[in-house]
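S.K.: Below you'll find work-v2.cif; it's mmCIF, C-alpha atoms; chains and numbers go by the auth columns.
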```cif
data_entry
loop_
_atom_site.group_PDB
_atom_site.id
_atom_site.type_symbol
_atom_site.label_atom_id
_atom_site.label_comp_id
_atom_site.label_asym_id
_atom_site.label_seq_id
_atom_site.Cartn_x
_atom_site.Cartn_y
_atom_site.Cartn_z
_atom_site.B_iso_or_equiv
_atom_site.auth_seq_id
_atom_site.auth_asym_id
ATOM 1 C CA MET A 1 -13.851 15.988 16.678 0.00 189 N
ATOM 2 C CA THR A 2 -10.044 15.841 16.546 0.00 190 N
ATOM 3 C CA LEU A 3 -8.220 13.401 14.284 0.00 191 N
ATOM 4 C CA HIS A 4 -4.641 12.391 14.916 0.00 192 N
ATOM 5 C CA ALA A 5 -2.432 10.931 12.216 0.00 193 N
ATOM 6 C CA ALA A 6 -0.804 7.635 13.067 0.00 194 N
ATOM 7 C CA ALA A 7 2.980 7.615 13.148 0.00 195 N
ATOM 8 C CA SER A 8 4.466 6.144 10.000 0.00 196 N
ATOM 9 C CA LEU A 9 6.205 2.798 10.448 0.00 197 N
ATOM 10 C CA TYR A 10 7.676 2.896 6.961 0.00 198 N
ATOM 11 C CA ARG A 11 11.392 3.546 6.477 0.00 199 N
ATOM 12 C CA SER A 12 13.202 3.687 3.163 0.00 200 N
ATOM 13 C CA TYR A 13 16.813 2.498 2.875 0.00 201 N
ATOM 14 C CA GLN A 14 19.242 3.235 0.074 0.00 202 N
ATOM 15 C CA THR A 15 22.918 2.802 -0.763 0.00 203 N
ATOM 16 C CA ASP A 16 23.708 5.788 1.478 0.00 204 N
ATOM 17 C CA ASP A 17 22.388 3.670 4.381 0.00 205 N
ATOM 18 C CA GLY A 18 24.547 0.650 3.483 0.00 206 N
ATOM 19 C CA LEU A 19 22.315 -1.236 1.057 0.00 207 N
ATOM 20 C CA SER A 20 24.430 -2.517 -1.858 0.00 208 N
ATOM 21 C CA HIS A 21 21.956 -1.358 -4.551 0.00 209 N
ATOM 22 C CA ASN A 22 18.794 0.757 -4.503 0.00 210 N
ATOM 23 C CA GLY A 23 16.825 -1.840 -6.486 0.00 211 N
ATOM 24 C CA VAL A 24 15.674 -4.734 -4.281 0.00 212 N
ATOM 25 C CA TRP A 25 14.425 -7.878 -6.068 0.00 213 N
ATOM 26 C CA ALA A 26 13.869 -10.236 -3.135 0.00 214 N
ATOM 27 C CA VAL A 27 13.144 -9.893 0.593 0.00 215 N
ATOM 28 C CA MET A 28 13.056 -12.511 3.342 0.00 216 N
ATOM 29 C CA GLN A 29 13.021 -12.526 7.141 0.00 217 N
ATOM 30 C CA ASP A 30 14.906 -15.504 8.561 0.00 218 N
ATOM 31 C CA SER A 31 14.124 -17.528 11.690 0.00 219 N
ATOM 32 C CA ARG A 32 16.475 -15.341 13.768 0.00 220 N
ATOM 33 C CA GLY A 33 14.735 -12.112 12.734 0.00 221 N
ATOM 34 C CA PHE A 34 17.293 -10.808 10.243 0.00 222 N
ATOM 35 C CA LEU A 35 15.988 -9.243 7.046 0.00 223 N
ATOM 36 C CA TRP A 36 17.687 -10.313 3.814 0.00 224 N
ATOM 37 C CA PHE A 37 17.543 -8.259 0.614 0.00 225 N
ATOM 38 C CA GLY A 38 18.529 -9.503 -2.822 0.00 226 N
ATOM 39 C CA THR A 39 19.765 -6.800 -5.174 0.00 227 N
ATOM 40 C CA TRP A 40 21.586 -6.615 -8.515 0.00 228 N
ATOM 41 C CA ASN A 41 24.748 -5.883 -6.518 0.00 229 N
ATOM 42 C CA GLY A 42 24.769 -8.606 -3.860 0.00 230 N
ATOM 43 C CA LEU A 43 22.940 -10.081 -0.900 0.00 231 N
ATOM 44 C CA ASN A 44 22.325 -7.837 2.114 0.00 232 N
ATOM 45 C CA LYS A 45 21.606 -8.841 5.742 0.00 233 N
ATOM 46 C CA PHE A 46 19.935 -6.200 7.902 0.00 234 N
ATOM 47 C CA ASP A 47 19.892 -6.480 11.704 0.00 235 N
ATOM 48 C CA GLY A 48 17.626 -3.488 12.250 0.00 236 N
ATOM 49 C CA TYR A 49 20.547 -1.075 12.475 0.00 237 N
ATOM 50 C CA THR A 50 23.167 -1.863 9.845 0.00 238 N
ATOM 51 C CA PHE A 51 23.594 -3.784 6.609 0.00 239 N
ATOM 52 C CA LYS A 52 26.168 -6.495 5.955 0.00 240 N
ATOM 53 C CA ASN A 53 26.801 -7.007 2.243 0.00 241 N
ATOM 54 C CA TYR A 54 27.698 -10.349 0.661 0.00 242 N
ATOM 55 C CA LYS A 55 29.086 -10.443 -2.875 0.00 243 N
ATOM 56 C CA THR A 56 30.998 -12.871 -5.061 0.00 244 N
ATOM 57 C CA SER A 57 34.313 -13.166 -3.268 0.00 245 N
ATOM 58 C CA TYR A 58 36.827 -15.922 -2.648 0.00 246 N
ATOM 59 C CA LYS A 59 38.963 -14.026 -0.158 0.00 247 N
ATOM 60 C CA ASP A 60 36.194 -13.610 2.466 0.00 248 N
ATOM 61 C CA GLY A 61 35.455 -17.336 2.759 0.00 249 N
ATOM 62 C CA TYR A 62 32.007 -17.265 1.146 0.00 250 N
ATOM 63 C CA ILE A 63 31.070 -17.546 -2.476 0.00 251 N
ATOM 64 C CA LEU A 64 28.011 -16.344 -4.350 0.00 252 N
ATOM 65 C CA ASN A 65 27.660 -17.485 -7.955 0.00 253 N
ATOM 66 C CA THR A 66 26.485 -14.028 -8.929 0.00 254 N
ATOM 67 C CA ASN A 67 25.822 -10.632 -7.391 0.00 255 N
ATOM 68 C CA ARG A 68 22.361 -10.554 -9.011 0.00 256 N
ATOM 69 C CA ILE A 69 20.092 -11.971 -6.321 0.00 257 N
ATOM 70 C CA SER A 70 16.438 -12.398 -7.294 0.00 258 N
ATOM 71 C CA GLN A 71 15.357 -15.184 -4.913 0.00 259 N
ATOM 72 C CA ILE A 72 16.139 -15.920 -1.260 0.00 260 N
ATOM 73 C CA ALA A 73 15.295 -19.036 0.792 0.00 261 N
ATOM 74 C CA GLU A 74 16.371 -20.074 4.270 0.00 262 N
ATOM 75 C CA THR A 75 17.949 -23.496 4.669 0.00 263 N
ATOM 76 C CA LYS A 76 19.349 -25.419 7.604 0.00 264 N
#
```
Please rewrite the model in this file as structure tokens.
M.R.:
Amino acid sequence: MTLHAAASLYRSYQTDDGLSHNGVWAVMQDSRGFLWFGTWNGLNKFDGYTFKNYKTSYKDGYILNTNRISQIAETK
């Protein structure tokens, strides 16, 4: 009898990969398929290839009250 190990579908991402902090406190997949990660250093959107980081900033046209994101919910 020969046993074959299944390929691992698990992938770990860190700041070297574009995540804004290695500690993730919240995760959500939105209705368009994007994954959102809340960290102690901002909100991160992942499209399957790259991360886009959102932080408290007035110059970029979006504002977060804090960079410490512990809950995520999708709204209209």
S.K.: Put a box with edges along x, y and z around all the listed atoms of stretch 211-222 of chain N, pad it by 5 Å on each side, then give me its centre and sizes in Å, one decimal, as AutoDock Vina command-line options.
M.R.:
```
--center_x 15.2 --center_y -9.7 --center_z 3.6 --size_x 14.3 --size_y 25.7 --size_z 30.3
```
S.K.: From the set N:Thr254, N:Leu197, N:Tyr246, N:Leu231, which residue has the shortest atom-to-atom contact distance to N:Ala214, counting all atoms listed in the file?
M.R.: N:Leu231
S.K.: Got a sec: who's within 12 Å of N:Ser208, counting only C-alpha atoms, leaving out chain neighbours fewer than 3 positions off, as an MDAnalysis selection string?
M.R.: chainID N and resid 201:205 211:212 224:234 238:243 255:257
S.K.: Using atom CA of N:Asn253 and atom CA of N:Tyr237 as the two end points, give the distance in Å to one decimal.
M.R.: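 Spanning atom CA of N:Asn253 to atom CA of N:Tyr237 is a straight-line distance of 27.2 Å.
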S.K.: Just to confirm, what's the straight-line distance from atom CA of N:Ile251 to atom CA of N:Gly221 in Å (one decimal)?
M.R.: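 Going from atom CA of N:Ile251 over to atom CA of N:Gly221 covers 23.0 Å.
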S.K.: Calculate how many Å separate atom CA of N:Ser245 from atom CA of N:Gln217, rounding to one decimal.
M.R.: 23.7 Å
S.K.: Please write the residues picked by the PyMOL selection byres ((chain N and resi 261) around 10) on this file as a PyMOL selection string.
M.R.: chain N and resi 214-218+224+259-260+262-263
